[in-house]
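Visitor: Okay, here's the structure, questions in a sec.
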Amino acid sequence: MGRHHLSSQINFTNVNTTQAAQTAKQWTEFLLHNNFNAGFIREIDMSANCPAIFDNDGNKFCINFVDNKQNYHKKKAGIKSELISKALGTGRYGLKVLDLSAGLGIDSVFLAQLGYEVTALERNPLIYLALNEAAQHAADNGMSLNLKFEFGDSLNYLLQNKNKTDVIYFDPMFPEKTKSALPRQEMVFFRNLVGSDDDAAQVLEAAMSFNGAKRVVVKRPIKAPQLLNPHSSTEGKLIRFDIYGVRL
C-alpha cells in the first residue's frame, strides 16, 4: 500500500494504514467533486501526522496545529491586549467571529485560543481539507479549539447565509512583494494554490452589510492601500487592521 492512485490526477503516497487509505479516498472524492485542478500537485504524502502536499517543483505544504509551534502556539497577551483582538473589539461586540479567508488557519486558531468562537471559510478545496485534517489531529491530541471550518466562497456566503455573527475578520491575500527576495517555499506554494483575491473590495462591501455584524476588520500590510475608506485603523510594526462598519 505504499503508493495509492485513486485518480489519474491525484497521487497519494505512503498510504500504509486503513485510516490513511480512507482519508485519501475522501480527499479524492471531494477534490474531484469540486473540480480541483491537481495538475501542479506532484503527490500527497500520507505518512506524517498531517498530509504533506508537494507541487511539481518540490515545494511542500502542510498544516499542523499541534506540531507547528511557531505558527500555532504563539505567546498570547490575552483577549484585552492582543492587537488583533483590540481591532475586533476585545469581545465587547460579542465573541462570535466569522473569518472570511481561513488560509493557513493561523489567525483563526489564534483567535480561538484567545476565547473567540470562530467560523472560518475557505474556498480552495485542498486547503479546506488540510485545515479540517489539522483540526481533527488537534482534537485527537487534546487541543481544544472553539473553531470550525466551512468550505465555500466568502462572497456567496455573505450574500446567501442567514447565520448571525458578531464581528467579521478578513485577511485577503497580501499584494505581491516588489523586492527581489522571495517568500518562504510554503508561501510560494500557497500563492500558486489560492491565487489573488481580486474580489476583496466586493467581499468587504458585502461584509459591511452582513446580518448582525457590528464590526468588520481587514488585515493589511502596514503600507498597503486600503480596500475601502475605513472608520479607523489599528497599527502594529508590520501589520495594520482597518476597521469598518462600527455600530456602537
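Numbering starts fresh at 1 for the residues of each chain in the C-alpha cells, the chains themselves are lettered A, B, ... in the order given, and ligands are numbered from 1 as they appear.
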Under the rule of at most 12 Å, produce a per-residue listing of segment 22-79 of chain A near segment 126-140 of chain A: chain, number, name, the closest pair of atoms, and the distance in Å, as a Markdown table, using only C-alpha atoms.
Guide:
| residue | atom | partner | partner_atom | distance |
| --- | --- | --- | --- | --- |
| A:Thr23 | CA | A:Glu133 | CA | 9.0 |
| A:Ala24 | CA | A:Leu129 | CA | 10.6 |
| A:Gln26 | CA | A:Leu129 | CA | 9.4 |
| A:Trp27 | CA | A:Leu129 | CA | 7.0 |
| A:Thr28 | CA | A:Leu126 | CA | 9.8 |
| A:Glu29 | CA | A:Leu129 | CA | 11.3 |
| A:Phe30 | CA | A:Leu129 | CA | 8.5 |
| A:Leu31 | CA | A:Leu126 | CA | 6.9 |
| A:Leu32 | CA | A:Leu126 | CA | 10.5 |
| A:His33 | CA | A:Leu126 | CA | 11.7 |
| A:Asn34 | CA | A:Leu126 | CA | 9.7 |
| A:Asn35 | CA | A:Leu126 | CA | 10.8 |
| A:Phe36 | CA | A:Leu126 | CA | 7.7 |
| A:Asn37 | CA | A:Leu126 | CA | 9.8 |
| A:Ala38 | CA | A:Leu126 | CA | 9.3 |
| A:Ile41 | CA | A:Leu126 | CA | 10.4 |
| A:Ile44 | CA | A:Leu126 | CA | 10.6 |
| A:Met46 | CA | A:Glu133 | CA | 11.4 |
| A:Ala48 | CA | A:His137 | CA | 11.1 |
| A:Asn49 | CA | A:His137 | CA | 7.4 |
| A:Cys50 | CA | A:Ala134 | CA | 6.5 |
| A:Pro51 | CA | A:Ala130 | CA | 7.3 |
| A:Ala52 | CA | A:Ala130 | CA | 9.1 |
| A:Ile53 | CA | A:Ala130 | CA | 9.2 |
| A:Phe61 | CA | A:Ala130 | CA | 9.4 |
| A:Cys62 | CA | A:Ala130 | CA | 7.3 |
| A:Ile63 | CA | A:Ala134 | CA | 6.0 |
| A:Asn64 | CA | A:Ala134 | CA | 5.2 |
| A:Phe65 | CA | A:Ala134 | CA | 5.9 |
| A:Val66 | CA | A:Ala138 | CA | 5.7 |
| A:Asp67 | CA | A:Ala138 | CA | 9.2 |
| A:Asn68 | CA | A:Ala134 | CA | 10.6 |
| A:Tyr72 | CA | A:Ala138 | CA | 10.7 |
| A:His73 | CA | A:Ala138 | CA | 12.0 |
Visitor: Would you save the residues from that selection as a short mmCIF file (atom, residue, chain, number, x, y, z; two decimals), in the first residue's frame, using C-alpha atoms?
Guide:
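Output (selection-v6.cif):
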data_model
loop_
_atom_site.label_atom_id
_atom_site.label_comp_id
_atom_site.auth_asym_id
_atom_site.auth_seq_id
_atom_site.Cartn_x
_atom_site.Cartn_y
_atom_site.Cartn_z
CA THR A 23 -8.61 9.78 4.13
CA ALA A 24 -7.08 9.54 0.65
CA GLN A 26 -12.37 11.01 0.92
CA TRP A 27 -9.95 13.67 -0.28
CA THR A 28 -10.05 12.37 -3.84
CA GLU A 29 -13.83 12.32 -3.97
CA PHE A 30 -14.07 15.84 -2.52
CA LEU A 31 -11.44 17.30 -4.86
CA LEU A 32 -12.97 15.70 -7.94
CA HIS A 33 -16.47 16.78 -6.91
CA ASN A 34 -15.25 20.37 -6.60
CA ASN A 35 -13.32 20.30 -9.90
CA PHE A 36 -9.94 20.87 -8.28
CA ASN A 37 -7.13 21.22 -10.80
CA ALA A 38 -4.41 18.94 -9.42
CA ILE A 41 0.42 18.70 -7.39
CA ILE A 44 0.26 13.95 -1.27
CA MET A 46 0.11 10.40 3.95
CA ALA A 48 3.09 12.07 8.71
CA ASN A 49 0.67 13.49 11.28
CA CYS A 50 -0.65 15.81 8.60
CA PRO A 51 -0.76 15.08 4.85
CA ALA A 52 2.26 16.65 3.19
CA ILE A 53 1.42 18.13 -0.21
CA PHE A 61 2.71 22.40 2.00
CA CYS A 62 1.40 21.06 5.31
CA ILE A 63 -0.93 22.37 8.02
CA ASN A 64 -0.36 21.05 11.54
CA PHE A 65 -1.83 22.91 14.52
CA VAL A 66 -0.14 20.61 17.06
CA ASP A 67 3.47 20.28 15.89
CA ASN A 68 3.97 23.63 14.16
CA TYR A 72 0.05 27.87 16.15
CA HIS A 73 1.45 28.16 19.68
#
Visitor: So which residues touch Phe241 of chain A within 10 Å, counting only C-alpha atoms, skipping near sequence neighbours fewer than 3 positions away, as a list in words?
Guide: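 With the cut-off at 10 Å, the set is Leu83, Ile84, Lys86, Ala87, Leu88, Tyr169, Phe170, Asp171, Val216, Val217, Val218, Lys219, Arg220, Pro221, Ile222, Gln226, Pro230, Ser232, Ser233, Thr234, Glu235, Gly236 and Tyr244 of chain A.
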Visitor: Find the residues around Thr90 of chain A up to 6 Å (only C-alpha atoms counted), leave out those fewer than 4 positions away in its own chain, and share them as a list in words.
Guide: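 Contacts, with the query itself left out: Ile79, Lys80, Ser85 and Lys86 of chain A.
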Visitor: Looking at only C-alpha atoms, which of A:Ala201, A:Ala77, A:Ala213, A:Ala206 is the one that sits closest to Leu228 of chain A?
Guide: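 Closest to Leu228 of chain A, using only C-alpha atoms: A:Ala201.
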Visitor: Quick one: everything within 6 Å of segment 151-157 of chain A, counting only C-alpha atoms, minus sequence neighbours fewer than 5 positions away in the same chain. Send it as a PyMOL selection string.
Guide: chain A and resi 100+121-123+203
Visitor: Quick one: write out the picked residues with N, CA and C atoms as an mmCIF file, in the first residue's frame?
Guide:
data_model
loop_
_atom_site.group_PDB
_atom_site.id
_atom_site.type_symbol
_atom_site.label_atom_id
_atom_site.label_comp_id
_atom_site.auth_asym_id
_atom_site.auth_seq_id
_atom_site.Cartn_x
_atom_site.Cartn_y
_atom_site.Cartn_z
ATOM 1 N N LEU A 100 -13.370 35.291 7.013
ATOM 2 C CA LEU A 100 -13.749 35.120 5.610
ATOM 3 C C LEU A 100 -12.690 34.445 4.762
ATOM 4 N N LEU A 121 -14.035 30.434 6.824
ATOM 5 C CA LEU A 121 -14.375 29.996 5.475
ATOM 6 C C LEU A 121 -13.112 29.793 4.645
ATOM 7 N N GLU A 122 -13.131 28.765 3.798
ATOM 8 C CA GLU A 122 -12.031 28.547 2.861
ATOM 9 C C GLU A 122 -12.607 28.046 1.542
ATOM 10 N N ARG A 123 -12.263 28.739 0.462
ATOM 11 C CA ARG A 123 -12.848 28.381 -0.824
ATOM 12 C C ARG A 123 -11.984 27.449 -1.665
ATOM 13 N N VAL A 203 -16.029 41.711 -1.526
ATOM 14 C CA VAL A 203 -16.291 40.921 -0.319
ATOM 15 C C VAL A 203 -16.457 41.840 0.884
#
Visitor: To test your reading of the structure, identify every residue in segment 12-131 of chain A that backbone DSSP assigns to helix (DSSP H, G or I), and report it as a ChimeraX atom specification.
Guide: /A:18-33,69-72,83-88,106-114,125-131
Visitor: Atom CA of Leu104 of chain A to atom CA of Arg215 of chain A: how many Å, to one decimal?
Guide: 23.0 Å
Visitor: Near Gln113 of chain A, within 9 Å and counting only C-alpha atoms, which residues show up once chain neighbours fewer than 4 positions away are dropped, as a PyMOL selection string?
Guide: chain A and resi 76+108-109+144-146
Visitor: Looking only at strand (DSSP E or B) from DSSP on the backbone, list the matching residues of segment 8-177 of chain A as an MDAnalysis selection string.
Guide: chainID A and resid 11:13 41:45 52:55 60:61 96:99 117:122 147:151 167:170
Visitor: Which is closer to Lys164 of chain A than all the others in A:Val15, A:Ile10, A:Ala207, A:Ala112, using only C-alpha atoms?
Guide: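 Counting only C-alpha atoms, the residue closest to Lys164 of chain A is A:Ala207.
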Visitor: Enter the distance from atom CA of Gln160 of chain A to atom CA of Phe210 of chain A, in Å, rounded to one decimal.
Guide: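 If I compute the distance from atom CA of Gln160 of chain A to atom CA of Phe210 of chain A, I get 9.7 Å.
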Visitor: Find the residue from A:Asn124, A:Thr119, A:Asn141, A:Ser209 that sits nearest to Leu158 of chain A; use only C-alpha atoms when measuring.
Guide: A:Ser209
Visitor: Rank nothing, just name the residue among A:Leu147, A:Lys69, A:Asn229, A:Pro125 nearest to Gly105 of chain A, using only C-alpha atoms.
Guide: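 Answer, going by the shortest atom-to-atom distance: A:Leu147.
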Visitor: Nearest residue to Phe149 of chain A out of A:Leu204, A:Ala102, A:Met173, A:Ala224, using only C-alpha atoms?
Guide: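 Of A:Leu204, A:Ala102, A:Met173, A:Ala224, the one nearest Phe149 of chain A is A:Ala102, counting only C-alpha atoms.
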